[in-house]
Amino acid sequence: MQYVAAAVYSYLLGAIPSAYIVGKWRGIDITGEGSGNIGGTNAYRVLGPKLGLLVAVMDVGKALLALTVTRLWLGTVPAMFVAVLAAVIGHNWSIYVGFRGGKGIAVSIGSYFYLFPGLAGPAILAAIFNVLVTKYVSLGSLNFLLVMAVLLTLAETAVWYKVLGILLLLIGIYRHRSNIAALRSGTERRFGQ
């Protein structure tokens, strides 16, 4: 029952639509602008760099809060697994905005830095390098998830976390389907466009 409760509050925290809230605060419905995605990249493009950064910080914060509460309350590896997965699912399919959402990258980044800062550091550097070279945020995002999945598979850590790495990668690929199609067709928007 405790794990169910952890899943519920982590989902509800993750589901807080930061980009939508910040957009509404500025009088903009982000679901009707840019890609329509309720996430950090679209917030950056539609609302500008400062508010885009605010959205990213809020999204990372959701993960940190969910994991902090879970660690203090339950403190087990399976509970942390549940909290991360529920927060990412909440972010991607938010109950507050008709089960729409982002792509779970900022929440995944926050979760990984909380749990594995030594692994997340190199992974985020690889992702940033990828974005700087290709100018594709989607490619950098997927690169981060892939590197983390590989590092967790190779690391001496609980099987729960190895499975988590694979699941977050699969969820990320699923949420980036349109980006992957656009990359293949050469129509994906580059960072700054």
# chains A, B, ... in the order shown; residues from 1 in each chain; ligands from 1
>>> residues_around(residues="stretch 80-93 of chain A", least_positions_apart="4", cutoff="8 Å", atoms="only C-alpha atoms", output="JSON list (two decimals) with C-alpha atoms, in the first residue's frame")
[["chain", "number", "residue", "atom", "x", "y", "z"],
["A", 3, "TYR", "CA", 4.27, 1.89, -2.75],
["A", 6, "ALA", "CA", 4.34, 6.72, -3.38],
["A", 7, "ALA", "CA", 3.25, 6.15, -6.97],
["A", 8, "VAL", "CA", 0.19, 8.39, -6.54],
["A", 10, "SER", "CA", 4.90, 11.08, -7.34],
["A", 11, "TYR", "CA", 2.53, 10.98, -10.31],
["A", 12, "LEU", "CA", 0.59, 14.00, -9.02],
["A", 13, "LEU", "CA", 3.83, 15.94, -8.47],
["A", 14, "GLY", "CA", 5.20, 14.94, -11.85],
["A", 15, "ALA", "CA", 1.92, 15.87, -13.50],
["A", 16, "ILE", "CA", 2.15, 19.53, -12.45],
["A", 17, "PRO", "CA", 2.37, 21.15, -15.91],
["A", 62, "LYS", "CA", 9.28, 17.95, -9.28],
["A", 63, "ALA", "CA", 11.57, 14.94, -9.51],
["A", 66, "ALA", "CA", 9.16, 13.27, -5.24],
["A", 67, "LEU", "CA", 12.42, 11.44, -4.59],
["A", 70, "THR", "CA", 10.12, 8.90, -0.99],
["A", 71, "ARG", "CA", 13.62, 8.51, 0.44],
["A", 75, "GLY", "CA", 13.96, 4.74, 1.61],
["A", 76, "THR", "CA", 14.01, 1.53, -0.40],
["A", 98, "GLY", "CA", -6.17, 16.14, -20.26],
["A", 99, "PHE", "CA", -3.32, 13.60, -20.07],
["A", 100, "ARG", "CA", -1.08, 15.69, -22.29],
["A", 101, "GLY", "CA", 2.42, 16.63, -21.22],
["A", 102, "GLY", "CA", 6.08, 16.85, -22.00],
["A", 103, "LYS", "CA", 8.60, 14.20, -22.90],
["A", 104, "GLY", "CA", 9.98, 13.52, -19.45],
["A", 107, "VAL", "CA", 12.20, 14.96, -14.79],
["A", 108, "SER", "CA", 14.53, 12.13, -15.85],
["A", 111, "SER", "CA", 15.90, 11.93, -11.01],
["A", 160, "TRP", "CA", 15.66, -2.06, -10.23],
["A", 161, "TYR", "CA", 17.81, 0.82, -11.46],
["A", 164, "LEU", "CA", 14.58, 1.92, -14.75],
["A", 168, "LEU", "CA", 13.04, 5.65, -19.23],
["A", 175, "ARG", "CA", 7.52, 10.35, -26.61]]
>>> residues_around(residues="A:Pro122", least_positions_apart="5", cutoff="10 Å", atoms="only C-alpha atoms", output="list of chain:residue names")
A:Pro117, A:Ala127, A:Ile128, A:Phe144, A:Val147, A:Met148, A:Leu151
>>> residues_around(residues="A:Val46", least_positions_apart="5", cutoff="12 Å", atoms="only C-alpha atoms", output="JSON, numbers by chain")
{"A": [19, 20, 22, 23, 24, 26, 27, 28, 29, 30, 31, 32, 33, 34, 35, 36, 37, 38, 39, 40, 41, 51, 52, 53, 55, 192, 193]}
>>> write_last_selection(atoms="N, CA and C atoms", output="PDB file, in the first residue's frame")
ATOM      1  N   ALA A  19       5.255  24.092 -17.745  1.00  0.00           N
ATOM      2  CA  ALA A  19       5.246  24.924 -18.957  1.00  0.00           C
ATOM      3  C   ALA A  19       3.875  25.554 -19.177  1.00  0.00           C
ATOM      4  N   TYR A  20       2.835  24.795 -18.911  1.00  0.00           N
ATOM      5  CA  TYR A  20       1.468  25.299 -19.078  1.00  0.00           C
ATOM      6  C   TYR A  20       1.192  26.422 -18.077  1.00  0.00           C
ATOM      7  N   VAL A  22       3.403  28.376 -16.415  1.00  0.00           N
ATOM      8  CA  VAL A  22       4.207  29.567 -16.715  1.00  0.00           C
ATOM      9  C   VAL A  22       3.665  30.271 -17.955  1.00  0.00           C
ATOM     10  N   GLY A  23       3.248  29.503 -18.948  1.00  0.00           N
ATOM     11  CA  GLY A  23       2.649  30.095 -20.143  1.00  0.00           C
ATOM     12  C   GLY A  23       1.383  30.866 -19.823  1.00  0.00           C
ATOM     13  N   LYS A  24       0.505  30.278 -19.021  1.00  0.00           N
ATOM     14  CA  LYS A  24      -0.746  30.949 -18.627  1.00  0.00           C
ATOM     15  C   LYS A  24      -0.448  32.221 -17.846  1.00  0.00           C
ATOM     16  N   ARG A  26       1.903  34.144 -18.352  1.00  0.00           N
ATOM     17  CA  ARG A  26       2.251  35.152 -19.349  1.00  0.00           C
ATOM     18  C   ARG A  26       1.144  35.372 -20.373  1.00  0.00           C
ATOM     19  N   GLY A  27      -0.018  34.745 -20.156  1.00  0.00           N
ATOM     20  CA  GLY A  27      -1.146  34.914 -21.059  1.00  0.00           C
ATOM     21  C   GLY A  27      -1.041  34.111 -22.344  1.00  0.00           C
ATOM     22  N   ILE A  28      -0.239  33.048 -22.315  1.00  0.00           N
ATOM     23  CA  ILE A  28      -0.033  32.215 -23.510  1.00  0.00           C
ATOM     24  C   ILE A  28      -0.444  30.781 -23.205  1.00  0.00           C
ATOM     25  N   ASP A  29      -1.246  30.209 -24.094  1.00  0.00           N
ATOM     26  CA  ASP A  29      -1.589  28.790 -23.979  1.00  0.00           C
ATOM     27  C   ASP A  29      -0.565  28.016 -24.798  1.00  0.00           C
ATOM     28  N   ILE A  30       0.396  27.429 -24.109  1.00  0.00           N
ATOM     29  CA  ILE A  30       1.517  26.775 -24.794  1.00  0.00           C
ATOM     30  C   ILE A  30       1.079  25.571 -25.616  1.00  0.00           C
ATOM     31  N   THR A  31      -0.090  25.020 -25.299  1.00  0.00           N
ATOM     32  CA  THR A  31      -0.569  23.859 -26.063  1.00  0.00           C
ATOM     33  C   THR A  31      -0.959  24.244 -27.490  1.00  0.00           C
ATOM     34  N   GLY A  32      -1.153  25.548 -27.717  1.00  0.00           N
ATOM     35  CA  GLY A  32      -1.522  26.014 -29.054  1.00  0.00           C
ATOM     36  C   GLY A  32      -0.401  26.743 -29.759  1.00  0.00           C
ATOM     37  N   GLU A  33       0.792  26.703 -29.174  1.00  0.00           N
ATOM     38  CA  GLU A  33       1.939  27.418 -29.750  1.00  0.00           C
ATOM     39  C   GLU A  33       3.095  26.454 -30.004  1.00  0.00           C
ATOM     40  N   GLY A  34       3.921  26.780 -30.978  1.00  0.00           N
ATOM     41  CA  GLY A  34       5.082  25.942 -31.280  1.00  0.00           C
ATOM     42  C   GLY A  34       4.665  24.523 -31.615  1.00  0.00           C
ATOM     43  N   SER A  35       5.297  23.576 -30.944  1.00  0.00           N
ATOM     44  CA  SER A  35       4.963  22.162 -31.166  1.00  0.00           C
ATOM     45  C   SER A  35       3.706  21.747 -30.410  1.00  0.00           C
ATOM     46  N   GLY A  36       3.250  22.615 -29.492  1.00  0.00           N
ATOM     47  CA  GLY A  36       2.098  22.270 -28.659  1.00  0.00           C
ATOM     48  C   GLY A  36       2.467  21.391 -27.483  1.00  0.00           C
ATOM     49  N   ASN A  37       3.729  21.008 -27.408  1.00  0.00           N
ATOM     50  CA  ASN A  37       4.205  20.146 -26.333  1.00  0.00           C
ATOM     51  C   ASN A  37       4.309  20.937 -25.026  1.00  0.00           C
ATOM     52  N   ILE A  38       3.917  20.311 -23.926  1.00  0.00           N
ATOM     53  CA  ILE A  38       3.958  20.979 -22.618  1.00  0.00           C
ATOM     54  C   ILE A  38       5.263  20.588 -21.930  1.00  0.00           C
ATOM     55  N   GLY A  39       6.369  21.070 -22.485  1.00  0.00           N
ATOM     56  CA  GLY A  39       7.679  20.721 -21.948  1.00  0.00           C
ATOM     57  C   GLY A  39       8.669  21.852 -22.099  1.00  0.00           C
ATOM     58  N   GLY A  40       9.884  21.602 -21.634  1.00  0.00           N
ATOM     59  CA  GLY A  40      10.908  22.629 -21.572  1.00  0.00           C
ATOM     60  C   GLY A  40      11.337  23.201 -22.912  1.00  0.00           C
ATOM     61  N   THR A  41      11.529  22.356 -23.915  1.00  0.00           N
ATOM     62  CA  THR A  41      12.006  22.847 -25.216  1.00  0.00           C
ATOM     63  C   THR A  41      10.984  23.764 -25.868  1.00  0.00           C
ATOM     64  N   LEU A  51      12.154  32.151 -19.245  1.00  0.00           N
ATOM     65  CA  LEU A  51      11.007  31.369 -18.781  1.00  0.00           C
ATOM     66  C   LEU A  51      11.173  29.895 -19.138  1.00  0.00           C
ATOM     67  N   GLY A  52      11.859  29.618 -20.240  1.00  0.00           N
ATOM     68  CA  GLY A  52      12.160  28.227 -20.582  1.00  0.00           C
ATOM     69  C   GLY A  52      13.034  27.584 -19.522  1.00  0.00           C
ATOM     70  N   LEU A  53      14.020  28.350 -19.032  1.00  0.00           N
ATOM     71  CA  LEU A  53      14.886  27.855 -17.959  1.00  0.00           C
ATOM     72  C   LEU A  53      14.094  27.661 -16.671  1.00  0.00           C
ATOM     73  N   VAL A  55      10.949  26.890 -16.425  1.00  0.00           N
ATOM     74  CA  VAL A  55      10.171  25.656 -16.613  1.00  0.00           C
ATOM     75  C   VAL A  55      11.053  24.434 -16.368  1.00  0.00           C
ATOM     76  N   GLY A 192      17.425  26.939 -31.511  1.00  0.00           N
ATOM     77  CA  GLY A 192      17.573  28.326 -31.911  1.00  0.00           C
ATOM     78  C   GLY A 192      16.680  28.731 -33.066  1.00  0.00           C
ATOM     79  N   GLN A 193      16.021  27.739 -33.699  1.00  0.00           N
ATOM     80  CA  GLN A 193      15.114  28.050 -34.819  1.00  0.00           C
ATOM     81  C   GLN A 193      13.713  28.277 -34.301  1.00  0.00           C
TER      82      GLN A 193
END
>>> select_by_dssp(residues="stretch 7-185 of chain A", states="helix (DSSP H, G or I)", output="PyMOL selection string")
chain A and resi 7-14+18-25+30-32+40-47+49-73+77-92+95-97+105-115+117-134+137-154+159-175+177-185
>>> residues_around(residues="A:Val137", least_positions_apart="6", cutoff="8 Å", atoms="only C-alpha atoms", output="list in words")
Thr41, Val131, Arg190 and Phe191 of chain A
>>> residues_around(residues="A:Ile124", least_positions_apart="3", cutoff="12 Å", atoms="only C-alpha atoms", output="list in words")
Ile105, Ala106, Ser108, Ile109, Gly110, Tyr112, Phe113, Phe116, Pro117, Gly118, Leu119, Ala120, Gly121, Ala127, Ile128, Phe129, Asn130, Val131, Gly140, Ser141, Leu142, Asn143, Phe144, Leu145, Leu146, Val147 and Met148 of chain A
>>> closest_residue(among="A:Leu65, A:Leu154, A:Ala56, A:Leu72", to="A:Tyr9", atoms="only C-alpha atoms")
A:Leu65
>>> closest_residue(among="A:Val97, A:Met58, A:Ala182, A:Thr68", to="A:Ser18", atoms="only C-alpha atoms")
A:Met58
>>> atom_distance(atom1="atom CA of A:Trp73", atom2="atom CA of A:Tyr114")
16.0 Å
